[in-house]
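> First the structure, which I've put down as structure tokens, then a few questions once you've had a look.
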Amino acid sequence: MRIARLAAAALLLVAASGCSRFEPWVKPYERENLADPIMAWDRDPVSSSYMRHVYDSREGSRGANGGAGGGCGCN
Amino acid sequence: MQLIRRAAVALLLLPATAFAAVLPDDRADLLYHYYDGGGVTIDGPSLLVRKKFAEKYAVNASYYVDMVSSASIDVITTASPYEEERTQYGVGFEYLRGKVTYAASFSNSNENDYNADTASLSISQDMFGDLTTVSLIFSRGWDDVTERGDQTFADQIDRRIYGVDISQIATKNLVLGLSYETITEEGFLNNPYRQARFVDPEAALGYSYQSEVYPRTRTGNAISFRGRWYLPYRAALQGDYRFYTDTWEIQGHTAELSYTHPLDDDWTFDVHYRFYTQNAAEFYSDLFPREDFQNFLARDKELASMQSHTLGFGVAYAFKPSMLSFLEKSSLNLRYDRIRFDYDDFRDLRVTGVAPGTEPLYTFDADVIRFYFSGWF
Amino acid sequence: MKTILGFRTAVLATALLATAWPAAAADGAVPAPQFSLASRAGGEVSLADLRGQVVMINFWASWCGPCRQEFPALDQIYAKYKPMGFTLVAINVESEKADAEKFLSATPASFPILFDPDNTVSGKYGVSAMPTTVLVDRQGRVRWQHRAYKPGDEAKYIEQIRAALREKA
């Protein structure tokens, strides 16, 4: 019973805090530099996917090249 | 072929450059690629077009050709120089709903002795005040392997890739990334044209060749970290590190440092250095003591103990083209990379007249050029 | 009767639900935080001066794609509803003016552009997305907020503006 109470309380706290209540330490209006095109992980997807192919076909390692996120965070 | 195999996977996995709550801008890229190294010359075009609709849906299509002229060290010592062509088509769809982007893509790569189909799905979400972007990727590949000159040979590879990518805004000027991927392959994983060599006192050269024998499965895991930092005078510095390990006992470390420097509003300069090191696969040897020495035998230099060093430069010029008025902006780009490949246990068999196993270690340099035009509309 | 959640938990949850906004009035409307910012046209514009009009405040930046996309729609709305006692102020949140000026010279706007380079006003309004559009009624109370922009959202803006214009000062 006590565990059920704690679990319900925890669930309520999570629901109350929620992702929308999260206070980001970099506000949306402070993302000027991050939105600069030079800060994109990959400005030239065609060129970088080609270079990945050059390495993947000559080296033993593959994968985990990454690439989403960052940027202006608009909308 | 070994050069080209698995390209479908690598090329298909175009990085999810989406800023997860906004679809990337419409663009078209036309690129000319050129590779020259180790006796191999490959060049060809690459084209990518992407377009979004109502800020909710996006479509992209790609076309890529490799025209290969190969007189590589493997080809010269065990076969004869050849020319061939590989063509790859790709298509992708994206759907953005709120903070979540769903993407699906498919590509096919075809050459006269290799056909690869790849399908991918991914889901990407912004969270925690849009500071964090988490993406999950699943990819499946089906390869058909045949052999020129042997009509009876046909085999397959089944490939599965699972990956997670996390991007985290750390400060107003720093974004960090973490990626993890696991790749499992089953089937015919070697190159039908490659040969392993073994000591053979009765042979003229002191060694003879036999077909490679590879395990029919391979599972690899890669984990990487990266950080991109905005410098106050308007420039960007990025560091990357990746660790790879697999069931063939290959471990690879990749480290890269790159610097981007814009000048005025029109010019952007890039310079980067990349270092790679790996140890050999468990069943790899440049020279086996005798025929059928062990269950699995490999002499593919891709599985050898090796390092590579790359120094690369790029320059881009942005302008508004007057002749193509439907383009909002465009850029002309040139990138050049020089790669040095050094092998610790793969020897240069073009050198004869020495005791087998004492040939000089192989090393070669490659020049890689990309010249491309990008347009945004 | 036992409740699953204790009294303490309920208090904690309610405390968490408290927002950064000033306490709401009985009908739920909140007085719009005051500001006085430098205007692109010269001089300063303060919210107090605009009392009696319906004011739409748009927080934007030149580096924000959806913000740029929104401008033509805002221009049309401004032109149409200005004669009826409506005004629109676009507050630029960038730390320096150069990029905003460059954008505005290519995409002129007829509505007032204000500058909030140290983001104090953005902070007061709790701007949590780019762009953010806030509607302030004739009595200076915040009645509606819209985060982000997708083509078609301007219809929602117009709906809210028309409702606010019908009210008395």
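Lettering and numbering for the structure tokens are positional, with chains as A, B, ... in the shown order, residues counted from 1 in each chain, and ligands counted from 1 in the shown order.
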Fewer than 4 positions away in the same chain doesn't count, so skip those; otherwise give me all residues within 10 Å of region 26-33 of chain B, counting only C-alpha atoms, as JSON, numbers by chain.

{"A": [44, 45, 46, 47, 50, 51], "B": [42, 43, 44, 45, 46, 47, 48, 49, 50, 51, 52, 53, 58, 59, 60, 61, 62, 63, 64, 65, 66, 327, 328, 329, 330, 331, 332, 333, 334, 335, 368, 369, 370, 371, 372, 373, 374, 375, 376, 377]}

> Show me, as a PyMOL selection string, every residue of chain C with an atom at most 8 Å from chain B, counting only C-alpha atoms.

chain C and resi 128+150-151

> Which neighbours of Ile169 (chain B) fall inside 9 Å, counting only C-alpha atoms, when residues of the same chain fewer than 3 positions from it are skipped, and could you give them as an mmCIF file with N, CA and C atoms, in the first residue's frame?


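part_39.cif, written as the output of this step:
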```cif
data_model
loop_
_atom_site.group_PDB
_atom_site.id
_atom_site.type_symbol
_atom_site.label_atom_id
_atom_site.label_comp_id
_atom_site.auth_asym_id
_atom_site.auth_seq_id
_atom_site.Cartn_x
_atom_site.Cartn_y
_atom_site.Cartn_z
ATOM 1 N N VAL A 26 19.345 26.980 -21.710
ATOM 2 C CA VAL A 26 19.561 27.845 -22.870
ATOM 3 C C VAL A 26 18.159 28.126 -23.409
ATOM 4 N N LEU A 34 23.835 28.892 -31.975
ATOM 5 C CA LEU A 34 23.575 27.493 -32.316
ATOM 6 C C LEU A 34 22.819 27.375 -33.634
ATOM 7 N N GLY A 69 19.854 16.971 -34.443
ATOM 8 C CA GLY A 69 19.742 17.878 -33.302
ATOM 9 C C GLY A 69 20.524 19.165 -33.430
ATOM 10 N N GLY A 70 20.545 19.933 -32.354
ATOM 11 C CA GLY A 70 21.205 21.229 -32.342
ATOM 12 C C GLY A 70 20.335 22.280 -32.983
ATOM 13 N N GLY A 71 20.936 23.282 -33.562
ATOM 14 C CA GLY A 71 20.200 24.225 -34.390
ATOM 15 C C GLY A 71 19.314 25.208 -33.646
ATOM 16 N N ASP B 130 13.621 21.531 -25.884
ATOM 17 C CA ASP B 130 14.288 21.485 -27.191
ATOM 18 C C ASP B 130 15.795 21.488 -27.073
ATOM 19 N N LEU B 131 16.328 21.175 -25.904
ATOM 20 C CA LEU B 131 17.780 21.117 -25.762
ATOM 21 C C LEU B 131 18.320 19.743 -26.147
ATOM 22 N N THR B 132 17.438 18.756 -26.102
ATOM 23 C CA THR B 132 17.876 17.386 -26.363
ATOM 24 C C THR B 132 17.125 16.831 -27.559
ATOM 25 N N THR B 133 17.828 16.165 -28.447
ATOM 26 C CA THR B 133 17.168 15.476 -29.552
ATOM 27 C C THR B 133 17.595 14.018 -29.492
ATOM 28 N N LYS B 172 25.116 28.063 -24.739
ATOM 29 C CA LYS B 172 24.727 28.867 -25.908
ATOM 30 C C LYS B 172 25.673 28.650 -27.075
ATOM 31 N N ASN B 173 26.863 28.109 -26.778
ATOM 32 C CA ASN B 173 27.874 27.980 -27.827
ATOM 33 C C ASN B 173 28.372 26.557 -28.021
ATOM 34 N N LEU B 174 27.747 25.598 -27.367
ATOM 35 C CA LEU B 174 28.283 24.234 -27.440
ATOM 36 C C LEU B 174 27.170 23.222 -27.581
ATOM 37 N N VAL B 175 27.316 22.350 -28.567
ATOM 38 C CA VAL B 175 26.365 21.249 -28.707
ATOM 39 C C VAL B 175 27.156 19.938 -28.703
ATOM 40 N N LEU B 176 26.617 18.952 -27.990
ATOM 41 C CA LEU B 176 27.303 17.662 -27.834
ATOM 42 C C LEU B 176 26.484 16.560 -28.482
ATOM 43 N N GLY B 177 27.158 15.509 -28.884
ATOM 44 C CA GLY B 177 26.447 14.388 -29.482
ATOM 45 C C GLY B 177 26.995 13.064 -29.001
#
```

> If you run DSSP on the backbone here, which positions in region 118-279 of chain B get strand (DSSP E)? Please write them as a PDB file with C-alpha atoms, in the first residue's frame.


```pdb
ATOM      1  CA  THR B 118      18.559  -1.157 -47.905  1.00  0.00           C
ATOM      2  CA  ALA B 119      15.520   0.101 -46.017  1.00  0.00           C
ATOM      3  CA  SER B 120      15.628   2.390 -42.979  1.00  0.00           C
ATOM      4  CA  LEU B 121      13.193   3.787 -40.458  1.00  0.00           C
ATOM      5  CA  SER B 122      13.909   6.438 -37.887  1.00  0.00           C
ATOM      6  CA  ILE B 123      12.094   8.470 -35.303  1.00  0.00           C
ATOM      7  CA  SER B 124      13.528  11.651 -33.851  1.00  0.00           C
ATOM      8  CA  GLN B 125      12.170  13.752 -30.981  1.00  0.00           C
ATOM      9  CA  ASP B 126      13.062  17.062 -29.348  1.00  0.00           C
ATOM     10  CA  MET B 127      12.686  17.154 -25.608  1.00  0.00           C
ATOM     11  CA  THR B 132      17.876  17.386 -26.363  1.00  0.00           C
ATOM     12  CA  THR B 133      17.168  15.476 -29.552  1.00  0.00           C
ATOM     13  CA  VAL B 134      16.902  11.709 -29.377  1.00  0.00           C
ATOM     14  CA  SER B 135      16.769   9.572 -32.520  1.00  0.00           C
ATOM     15  CA  LEU B 136      16.227   5.865 -32.950  1.00  0.00           C
ATOM     16  CA  ILE B 137      17.221   4.260 -36.218  1.00  0.00           C
ATOM     17  CA  PHE B 138      16.542   0.838 -37.603  1.00  0.00           C
ATOM     18  CA  SER B 139      17.926  -0.329 -40.915  1.00  0.00           C
ATOM     19  CA  ARG B 140      17.705  -3.578 -42.831  1.00  0.00           C
ATOM     20  CA  GLY B 141      19.834  -4.633 -45.778  1.00  0.00           C
ATOM     21  CA  TRP B 142      19.636  -7.423 -48.298  1.00  0.00           C
ATOM     22  CA  ASP B 143      22.684  -7.994 -50.493  1.00  0.00           C
ATOM     23  CA  ASP B 144      23.056 -10.417 -53.407  1.00  0.00           C
ATOM     24  CA  VAL B 145      26.639 -11.412 -54.133  1.00  0.00           C
ATOM     25  CA  THR B 146      27.712 -13.001 -57.397  1.00  0.00           C
ATOM     26  CA  GLU B 147      31.033 -13.462 -59.125  1.00  0.00           C
ATOM     27  CA  ASP B 150      31.643 -17.947 -62.210  1.00  0.00           C
ATOM     28  CA  GLN B 151      27.999 -18.295 -63.113  1.00  0.00           C
ATOM     29  CA  THR B 152      27.430 -20.901 -60.436  1.00  0.00           C
ATOM     30  CA  PHE B 153      28.266 -18.676 -57.507  1.00  0.00           C
ATOM     31  CA  ALA B 154      25.518 -16.753 -55.757  1.00  0.00           C
ATOM     32  CA  ASP B 155      25.044 -15.879 -52.103  1.00  0.00           C
ATOM     33  CA  GLN B 156      23.467 -13.303 -49.847  1.00  0.00           C
ATOM     34  CA  ILE B 157      24.019 -11.042 -46.893  1.00  0.00           C
ATOM     35  CA  ASP B 158      21.317 -10.108 -44.418  1.00  0.00           C
ATOM     36  CA  ARG B 159      22.110  -6.970 -42.466  1.00  0.00           C
ATOM     37  CA  ARG B 160      20.427  -5.323 -39.483  1.00  0.00           C
ATOM     38  CA  ILE B 161      21.424  -2.049 -37.906  1.00  0.00           C
ATOM     39  CA  TYR B 162      20.024  -0.566 -34.706  1.00  0.00           C
ATOM     40  CA  GLY B 163      21.139   2.839 -33.592  1.00  0.00           C
ATOM     41  CA  VAL B 164      20.430   5.600 -31.123  1.00  0.00           C
ATOM     42  CA  ASP B 165      21.663   9.155 -31.425  1.00  0.00           C
ATOM     43  CA  ILE B 166      21.446  11.856 -28.783  1.00  0.00           C
ATOM     44  CA  SER B 167      22.234  15.484 -29.393  1.00  0.00           C
ATOM     45  CA  GLN B 168      22.424  17.806 -26.401  1.00  0.00           C
ATOM     46  CA  ILE B 169      22.746  21.552 -26.281  1.00  0.00           C
ATOM     47  CA  ALA B 170      25.177  22.221 -23.455  1.00  0.00           C
ATOM     48  CA  THR B 171      25.597  25.999 -23.584  1.00  0.00           C
ATOM     49  CA  LEU B 174      28.283  24.234 -27.440  1.00  0.00           C
ATOM     50  CA  VAL B 175      26.365  21.249 -28.707  1.00  0.00           C
ATOM     51  CA  LEU B 176      27.303  17.662 -27.834  1.00  0.00           C
ATOM     52  CA  GLY B 177      26.447  14.388 -29.482  1.00  0.00           C
ATOM     53  CA  LEU B 178      26.479  10.737 -28.533  1.00  0.00           C
ATOM     54  CA  SER B 179      25.752   7.844 -30.894  1.00  0.00           C
ATOM     55  CA  TYR B 180      25.568   4.121 -30.517  1.00  0.00           C
ATOM     56  CA  GLU B 181      25.030   1.617 -33.295  1.00  0.00           C
ATOM     57  CA  THR B 182      25.036  -2.141 -33.542  1.00  0.00           C
ATOM     58  CA  ILE B 183      25.414  -3.836 -36.914  1.00  0.00           C
ATOM     59  CA  THR B 184      24.759  -7.519 -37.489  1.00  0.00           C
ATOM     60  CA  GLU B 185      25.496  -9.243 -40.755  1.00  0.00           C
ATOM     61  CA  GLU B 186      24.818 -12.812 -41.792  1.00  0.00           C
ATOM     62  CA  GLY B 187      25.810 -14.505 -44.994  1.00  0.00           C
ATOM     63  CA  GLN B 195      42.800 -14.759 -51.790  1.00  0.00           C
ATOM     64  CA  ALA B 196      44.741 -15.662 -48.673  1.00  0.00           C
ATOM     65  CA  ARG B 197      48.348 -16.781 -49.009  1.00  0.00           C
ATOM     66  CA  PHE B 198      50.335 -19.469 -47.293  1.00  0.00           C
ATOM     67  CA  VAL B 199      53.960 -20.593 -47.247  1.00  0.00           C
ATOM     68  CA  TYR B 207      53.931 -18.897 -51.352  1.00  0.00           C
ATOM     69  CA  SER B 208      50.636 -19.931 -52.878  1.00  0.00           C
ATOM     70  CA  TYR B 209      47.092 -18.647 -52.725  1.00  0.00           C
ATOM     71  CA  GLN B 210      43.867 -20.208 -51.546  1.00  0.00           C
ATOM     72  CA  SER B 211      40.344 -18.854 -51.251  1.00  0.00           C
ATOM     73  CA  THR B 217      28.222 -13.795 -39.115  1.00  0.00           C
ATOM     74  CA  ARG B 218      29.636 -10.537 -37.899  1.00  0.00           C
ATOM     75  CA  THR B 219      28.286  -8.269 -35.191  1.00  0.00           C
ATOM     76  CA  GLY B 220      29.877  -4.897 -34.595  1.00  0.00           C
ATOM     77  CA  ASN B 221      29.211  -2.175 -32.038  1.00  0.00           C
ATOM     78  CA  ALA B 222      30.221   1.427 -32.402  1.00  0.00           C
ATOM     79  CA  ILE B 223      29.959   4.260 -29.928  1.00  0.00           C
ATOM     80  CA  SER B 224      30.934   7.840 -30.671  1.00  0.00           C
ATOM     81  CA  PHE B 225      31.045  11.236 -28.962  1.00  0.00           C
ATOM     82  CA  ARG B 226      31.298  14.618 -30.554  1.00  0.00           C
ATOM     83  CA  GLY B 227      31.187  18.272 -29.644  1.00  0.00           C
ATOM     84  CA  ARG B 228      30.825  21.396 -31.739  1.00  0.00           C
ATOM     85  CA  TRP B 229      31.825  24.703 -30.249  1.00  0.00           C
ATOM     86  CA  TYR B 230      31.019  28.194 -31.485  1.00  0.00           C
ATOM     87  CA  LEU B 231      34.022  30.495 -31.210  1.00  0.00           C
ATOM     88  CA  ALA B 235      34.011  30.123 -36.308  1.00  0.00           C
ATOM     89  CA  ALA B 236      33.336  26.549 -35.243  1.00  0.00           C
ATOM     90  CA  LEU B 237      35.556  23.839 -33.807  1.00  0.00           C
ATOM     91  CA  GLN B 238      34.493  20.208 -33.669  1.00  0.00           C
ATOM     92  CA  GLY B 239      36.012  17.117 -32.107  1.00  0.00           C
ATOM     93  CA  ASP B 240      34.836  13.546 -32.705  1.00  0.00           C
ATOM     94  CA  TYR B 241      35.819  10.205 -31.296  1.00  0.00           C
ATOM     95  CA  ARG B 242      34.487   6.758 -32.176  1.00  0.00           C
ATOM     96  CA  PHE B 243      35.255   3.347 -30.749  1.00  0.00           C
ATOM     97  CA  TYR B 244      34.333   0.224 -32.707  1.00  0.00           C
ATOM     98  CA  THR B 245      34.535  -3.398 -31.724  1.00  0.00           C
ATOM     99  CA  ASP B 246      33.176  -6.545 -33.325  1.00  0.00           C
ATOM    100  CA  GLN B 251      38.814  -2.818 -32.554  1.00  0.00           C
ATOM    101  CA  GLY B 252      39.031   0.561 -34.183  1.00  0.00           C
ATOM    102  CA  HIS B 253      39.517   4.069 -32.867  1.00  0.00           C
ATOM    103  CA  THR B 254      38.640   7.106 -34.927  1.00  0.00           C
ATOM    104  CA  ALA B 255      39.453  10.654 -33.873  1.00  0.00           C
ATOM    105  CA  GLU B 256      38.786  13.806 -35.844  1.00  0.00           C
ATOM    106  CA  LEU B 257      39.301  17.504 -35.304  1.00  0.00           C
ATOM    107  CA  SER B 258      37.796  20.047 -37.669  1.00  0.00           C
ATOM    108  CA  TYR B 259      37.661  23.817 -37.880  1.00  0.00           C
ATOM    109  CA  THR B 260      35.260  25.968 -39.893  1.00  0.00           C
ATOM    110  CA  HIS B 261      36.031  29.600 -40.552  1.00  0.00           C
ATOM    111  CA  PRO B 262      33.673  31.893 -42.452  1.00  0.00           C
ATOM    112  CA  LEU B 263      34.943  35.057 -44.064  1.00  0.00           C
ATOM    113  CA  TRP B 267      33.295  32.446 -48.055  1.00  0.00           C
ATOM    114  CA  THR B 268      33.597  29.485 -45.712  1.00  0.00           C
ATOM    115  CA  PHE B 269      36.828  27.590 -45.127  1.00  0.00           C
ATOM    116  CA  ASP B 270      37.197  24.189 -43.505  1.00  0.00           C
ATOM    117  CA  VAL B 271      40.221  22.256 -42.379  1.00  0.00           C
ATOM    118  CA  HIS B 272      40.221  18.921 -40.643  1.00  0.00           C
ATOM    119  CA  TYR B 273      42.470  16.122 -39.500  1.00  0.00           C
ATOM    120  CA  ARG B 274      41.327  12.562 -38.979  1.00  0.00           C
ATOM    121  CA  PHE B 275      43.209   9.681 -37.428  1.00  0.00           C
ATOM    122  CA  TYR B 276      42.157   6.043 -37.539  1.00  0.00           C
ATOM    123  CA  THR B 277      43.733   2.921 -36.073  1.00  0.00           C
ATOM    124  CA  GLN B 278      42.573  -0.678 -35.948  1.00  0.00           C
TER     125      GLN B 278
END
```

> Hey, what's within 10 Å of Leu135 (chain C) if we count only C-alpha atoms and toss same-chain stuff fewer than 3 positions away? As a PyMOL selection string, please?

chain C and resi 32+54-58+88+138+140-146+157+160-161+164
